Structures are given as structure tokens and as C-alpha cells.
Amino acid sequence: MKHSVLCVLAALACGACANGGASSQGRRIGTGLVVEYGLAHSGVEPKAGLQAMSDKGARLFGGMMEGWYGGASTNSYIAGHLPGTVRVTWRTDTVPGQRFTTGRVIGDYLIEVDKRVPDEVIRYANAGPGRALRLVFRIKDDGVLFGWDVEEKFGGLLVNTMRGGDVPCYDMPRASNATPTCTEGPLQSAPWYSPLGFKRVAQ
């Protein structure tokens, strides 16, 4: 987890440039794309030489992943086309500075992305200013969980709506309150939605 957001953004930018900034596959994300990755739980072994490559050759994330951070990790942001597939690999016996090319591949998984994200999620993400589609990857020792949601602002905080996939929607305390910030539907249908913003949950 020592690679910075800037490294991930640079890799994404290079991939976009190499493909003319767009993929021939995948629907258009007009407002932004967030890629979040992390270990699935505390029992997962460290992952060296971890990288995720789109079907068009853009590196979505990569580096050394060790420890567990409650399911949250480095985010990266870019607008463009949704990847058709993402191939996630990791290695053993890697050499520092050459982690992506040395050692032996011990994890290799192809994740369907574009086919799994529903059309209504894409439409919702593109319909509102400040929204971004978020792709969530959770690494296990024997596979990769994939989920999605739409990240948007509400009550001065970021909330995650239209949640789906392998990673369940969960309540994430933010700031000084215990207000849930995740819903499987649109923002307006969330049980905690208020036009005035968050309401503090009674203690």
C-alpha cells in the first residue's frame, strides 16, 4: 500500500492515451470513474506484484498490498469508458522495482465488468453533476470480489448509492455521526434521505 494515488492516476492516464482516451468496448462514464481496491478481510495474505489491467491495456491499480484497512484502500479517478474485463494478477518472489515482471504468478483472475454493471446504474451516474461510478475490487487468496456503486455528495459528505455486485452494501460511520452512507437504490429512496441533508441518528 505504499504506491500513491499519483502513481495510479499516472498509470490510468497512460492507458487512456495509448487507447485514444476511449475503449471500443464498454459504456461511457461521463462524470467520472472511481477505482477502489483492497484486501477482502484480515486473513488475506499480502499480495506482491499486484496489478489490474483492463482489456484495453490500462493499468487500473497495482503495487504491493499488505495489511488490511477495513475494506478501504487507494482510490483513483478518471472519466472514460467502462472496461469490458479486468485481469487481476499477483506474484511471489518478486524483485523490488520489478514487481510486475519478476517472480511467479500465483493469482490470475479475469473479472467481467461492463456486462455486470446494470444500465440503470450507468444512467444514474451520468445524470447528476458530481456523481462518479465506483468500481470496487476486494482481493482474496482464492479470487477477486467485484462490486459497484455511485459516489455522490449528500449533506456535505460522500455517499455510495446504487450498490451492487459481490461486495455488500454496508453502513459506514462518517465524521461525528452514525448515519448510514450506503444504499442499494437511488439517493432519494434511501431510508435516511432528507432534502436537508443528514439527520443525526438518535443515540
# chains A, B, ... in the order shown; residues from 1 in each chain; ligands from 1
call {"tool": "select_by_dssp", "arguments": {"residues": "segment 37-186 of chain A", "states": "alpha helix (DSSP H)", "output": "PyMOL selection string"}}
result
chain A and resi 119-127
call {"tool": "write_last_selection", "arguments": {"atoms": "C-alpha atoms", "output": "short mmCIF file (atom, residue, chain, number, x, y, z; two decimals), in the first residue's frame"}}
result
data_model
loop_
_atom_site.label_atom_id
_atom_site.label_comp_id
_atom_site.auth_asym_id
_atom_site.auth_seq_id
_atom_site.Cartn_x
_atom_site.Cartn_y
_atom_site.Cartn_z
CA ASP A 119 -27.67 0.10 -17.34
CA GLU A 120 -29.68 1.97 -14.70
CA VAL A 121 -26.54 2.40 -12.59
CA ILE A 122 -24.69 3.96 -15.55
CA ARG A 123 -27.63 6.25 -16.32
CA TYR A 124 -27.87 7.33 -12.70
CA ALA A 125 -24.14 8.05 -12.51
CA ASN A 126 -24.22 10.11 -15.70
CA ALA A 127 -27.42 12.00 -14.82
#
call {"tool": "residues_around", "arguments": {"residues": "Gly49 of chain A", "least_positions_apart": "3", "cutoff": "7 Å", "atoms": "only C-alpha atoms", "output": "PyMOL selection string"}}
result
chain A and resi 63-64+90-91+94+99-100
call {"tool": "closest_residue", "arguments": {"among": "A:Gly84, A:Gly185, A:Gly57, A:Gly107", "to": "Arg28 of chain A", "atoms": "only C-alpha atoms"}}
result
A:Gly84
call {"tool": "closest_residue", "arguments": {"among": "A:Leu187, A:Met65, A:Leu158, A:Leu60", "to": "Lys140 of chain A", "atoms": "only C-alpha atoms"}}
result
A:Met65
call {"tool": "closest_residue", "arguments": {"among": "A:Gly197, A:Pro118, A:Gly67, A:Gly143", "to": "Gly164 of chain A", "atoms": "only C-alpha atoms"}}
result
A:Pro118
call {"tool": "closest_residue", "arguments": {"among": "A:Phe137, A:Glu66, A:Gln188, A:Gly165", "to": "Ala48 of chain A", "atoms": "only C-alpha atoms"}}
result
A:Glu66
call {"tool": "closest_residue", "arguments": {"among": "A:Gly147, A:Gly62, A:Gly155, A:Gly97", "to": "Val113 of chain A", "atoms": "only C-alpha atoms"}}
result
A:Gly147
call {"tool": "residues_around", "arguments": {"residues": "Leu133 of chain A", "least_positions_apart": "4", "cutoff": "8 Å", "atoms": "only C-alpha atoms", "output": "ChimeraX atom specification"}}
result
/A:29,31-34,122,125,148-151
call {"tool": "write_last_selection", "arguments": {"atoms": "all heavy atoms", "output": "mmCIF file, in the first residue's frame"}}
result
data_model
loop_
_atom_site.group_PDB
_atom_site.id
_atom_site.type_symbol
_atom_site.label_atom_id
_atom_site.label_comp_id
_atom_site.auth_asym_id
_atom_site.auth_seq_id
_atom_site.Cartn_x
_atom_site.Cartn_y
_atom_site.Cartn_z
ATOM 1 N N ILE A 29 -18.737 6.594 -19.299
ATOM 2 C CA ILE A 29 -18.947 7.187 -17.983
ATOM 3 C C ILE A 29 -18.595 8.664 -18.122
ATOM 4 O O ILE A 29 -17.427 9.030 -18.229
ATOM 5 C CB ILE A 29 -18.066 6.528 -16.906
ATOM 6 C CG1 ILE A 29 -18.246 5.002 -16.945
ATOM 7 C CG2 ILE A 29 -18.420 7.074 -15.528
ATOM 8 C CD1 ILE A 29 -19.649 4.531 -16.720
ATOM 9 N N THR A 31 -19.189 11.384 -16.064
ATOM 10 C CA THR A 31 -18.876 12.259 -14.941
ATOM 11 C C THR A 31 -17.647 11.844 -14.151
ATOM 12 O O THR A 31 -17.089 12.646 -13.418
ATOM 13 C CB THR A 31 -20.068 12.328 -13.973
ATOM 14 O OG1 THR A 31 -20.404 10.996 -13.550
ATOM 15 C CG2 THR A 31 -21.282 12.933 -14.654
ATOM 16 N N GLY A 32 -17.214 10.620 -14.269
ATOM 17 C CA GLY A 32 -16.029 10.188 -13.542
ATOM 18 C C GLY A 32 -16.094 8.724 -13.176
ATOM 19 O O GLY A 32 -17.181 8.148 -13.073
ATOM 20 N N LEU A 33 -14.940 8.131 -13.013
ATOM 21 C CA LEU A 33 -14.833 6.720 -12.653
ATOM 22 C C LEU A 33 -13.871 6.592 -11.484
ATOM 23 O O LEU A 33 -12.756 7.088 -11.534
ATOM 24 C CB LEU A 33 -14.330 5.900 -13.845
ATOM 25 C CG LEU A 33 -14.181 4.397 -13.641
ATOM 26 C CD1 LEU A 33 -15.542 3.758 -13.373
ATOM 27 C CD2 LEU A 33 -13.534 3.760 -14.860
ATOM 28 N N VAL A 34 -14.326 5.952 -10.422
ATOM 29 C CA VAL A 34 -13.508 5.717 -9.231
ATOM 30 C C VAL A 34 -13.175 4.236 -9.168
ATOM 31 O O VAL A 34 -14.065 3.400 -9.303
ATOM 32 C CB VAL A 34 -14.254 6.142 -7.954
ATOM 33 C CG1 VAL A 34 -13.412 5.834 -6.716
ATOM 34 C CG2 VAL A 34 -14.617 7.613 -7.995
ATOM 35 N N ILE A 122 -25.427 3.050 -14.669
ATOM 36 C CA ILE A 122 -24.689 3.956 -15.549
ATOM 37 C C ILE A 122 -25.489 5.227 -15.790
ATOM 38 O O ILE A 122 -24.957 6.343 -15.728
ATOM 39 C CB ILE A 122 -24.358 3.276 -16.889
ATOM 40 C CG1 ILE A 122 -23.603 1.966 -16.660
ATOM 41 C CG2 ILE A 122 -23.552 4.219 -17.784
ATOM 42 C CD1 ILE A 122 -22.270 2.116 -16.007
ATOM 43 N N ALA A 125 -25.439 7.400 -12.705
ATOM 44 C CA ALA A 125 -24.136 8.047 -12.512
ATOM 45 C C ALA A 125 -23.959 9.226 -13.462
ATOM 46 O O ALA A 125 -23.429 10.277 -13.079
ATOM 47 C CB ALA A 125 -23.017 7.034 -12.720
ATOM 48 N N TRP A 148 -19.940 -2.550 -7.350
ATOM 49 C CA TRP A 148 -20.036 -1.204 -7.919
ATOM 50 C C TRP A 148 -21.024 -0.375 -7.117
ATOM 51 O O TRP A 148 -21.881 -0.891 -6.402
ATOM 52 C CB TRP A 148 -20.492 -1.274 -9.385
ATOM 53 C CG TRP A 148 -21.817 -1.965 -9.550
ATOM 54 C CD1 TRP A 148 -23.070 -1.419 -9.410
ATOM 55 C CD2 TRP A 148 -22.011 -3.356 -9.825
ATOM 56 N NE1 TRP A 148 -24.028 -2.381 -9.598
ATOM 57 C CE2 TRP A 148 -23.414 -3.578 -9.866
ATOM 58 C CE3 TRP A 148 -21.149 -4.431 -10.070
ATOM 59 C CZ2 TRP A 148 -23.966 -4.830 -10.120
ATOM 60 C CZ3 TRP A 148 -21.697 -5.676 -10.325
ATOM 61 C CH2 TRP A 148 -23.082 -5.865 -10.353
ATOM 62 N N ASP A 149 -20.909 0.930 -7.234
ATOM 63 C CA ASP A 149 -21.915 1.864 -6.730
ATOM 64 C C ASP A 149 -21.665 3.223 -7.363
ATOM 65 O O ASP A 149 -20.751 3.386 -8.175
ATOM 66 C CB ASP A 149 -21.922 1.942 -5.192
ATOM 67 C CG ASP A 149 -20.587 2.353 -4.594
ATOM 68 O OD1 ASP A 149 -19.885 3.198 -5.193
ATOM 69 O OD2 ASP A 149 -20.227 1.834 -3.522
ATOM 70 N N VAL A 150 -22.499 4.175 -7.014
ATOM 71 C CA VAL A 150 -22.338 5.544 -7.491
ATOM 72 C C VAL A 150 -21.963 6.405 -6.299
ATOM 73 O O VAL A 150 -22.631 6.373 -5.259
ATOM 74 C CB VAL A 150 -23.631 6.081 -8.141
ATOM 75 C CG1 VAL A 150 -23.471 7.550 -8.544
ATOM 76 C CG2 VAL A 150 -23.990 5.236 -9.360
ATOM 77 N N GLU A 151 -20.890 7.136 -6.423
ATOM 78 C CA GLU A 151 -20.428 8.018 -5.349
ATOM 79 C C GLU A 151 -20.936 9.420 -5.629
ATOM 80 O O GLU A 151 -20.741 9.952 -6.721
ATOM 81 C CB GLU A 151 -18.898 7.994 -5.294
ATOM 82 C CG GLU A 151 -18.317 8.635 -4.051
ATOM 83 C CD GLU A 151 -16.835 8.341 -3.910
ATOM 84 O OE1 GLU A 151 -16.032 9.097 -4.493
ATOM 85 O OE2 GLU A 151 -16.483 7.351 -3.248
#
call {"tool": "residues_around", "arguments": {"residues": "Glu112 of chain A", "least_positions_apart": "3", "cutoff": "7 Å", "atoms": "only C-alpha atoms", "output": "list in words"}}
result
Gly84, Thr85, Val86, Lys115 and Arg116 of chain A
call {"tool": "residues_around", "arguments": {"residues": "Thr92 of chain A", "least_positions_apart": "4", "cutoff": "7 Å", "atoms": "only C-alpha atoms", "output": "MDAnalysis selection string"}}
result
chainID A and resid 48 103:106
call {"tool": "select_by_dssp", "arguments": {"residues": "segment 51-197 of chain A", "states": "strand (DSSP E)", "output": "ChimeraX atom specification"}}
result
/A:51-54,59-65,75-81,85-92,104-112,132-140,143-154,157-165
call {"tool": "atom_distance", "arguments": {"atom1": "atom CA of Glu152 of chain A", "atom2": "atom CA of Ala40 of chain A"}}
result
23.6 Å
call {"tool": "closest_residue", "arguments": {"among": "A:Ile139, A:Arg134, A:Tyr37, A:Arg163", "to": "Ala190 of chain A", "atoms": "only C-alpha atoms"}}
result
A:Arg163
call {"tool": "atom_distance", "arguments": {"atom1": "atom CA of Pro195 of chain A", "atom2": "atom CA of Met162 of chain A"}}
result
18.2 Å
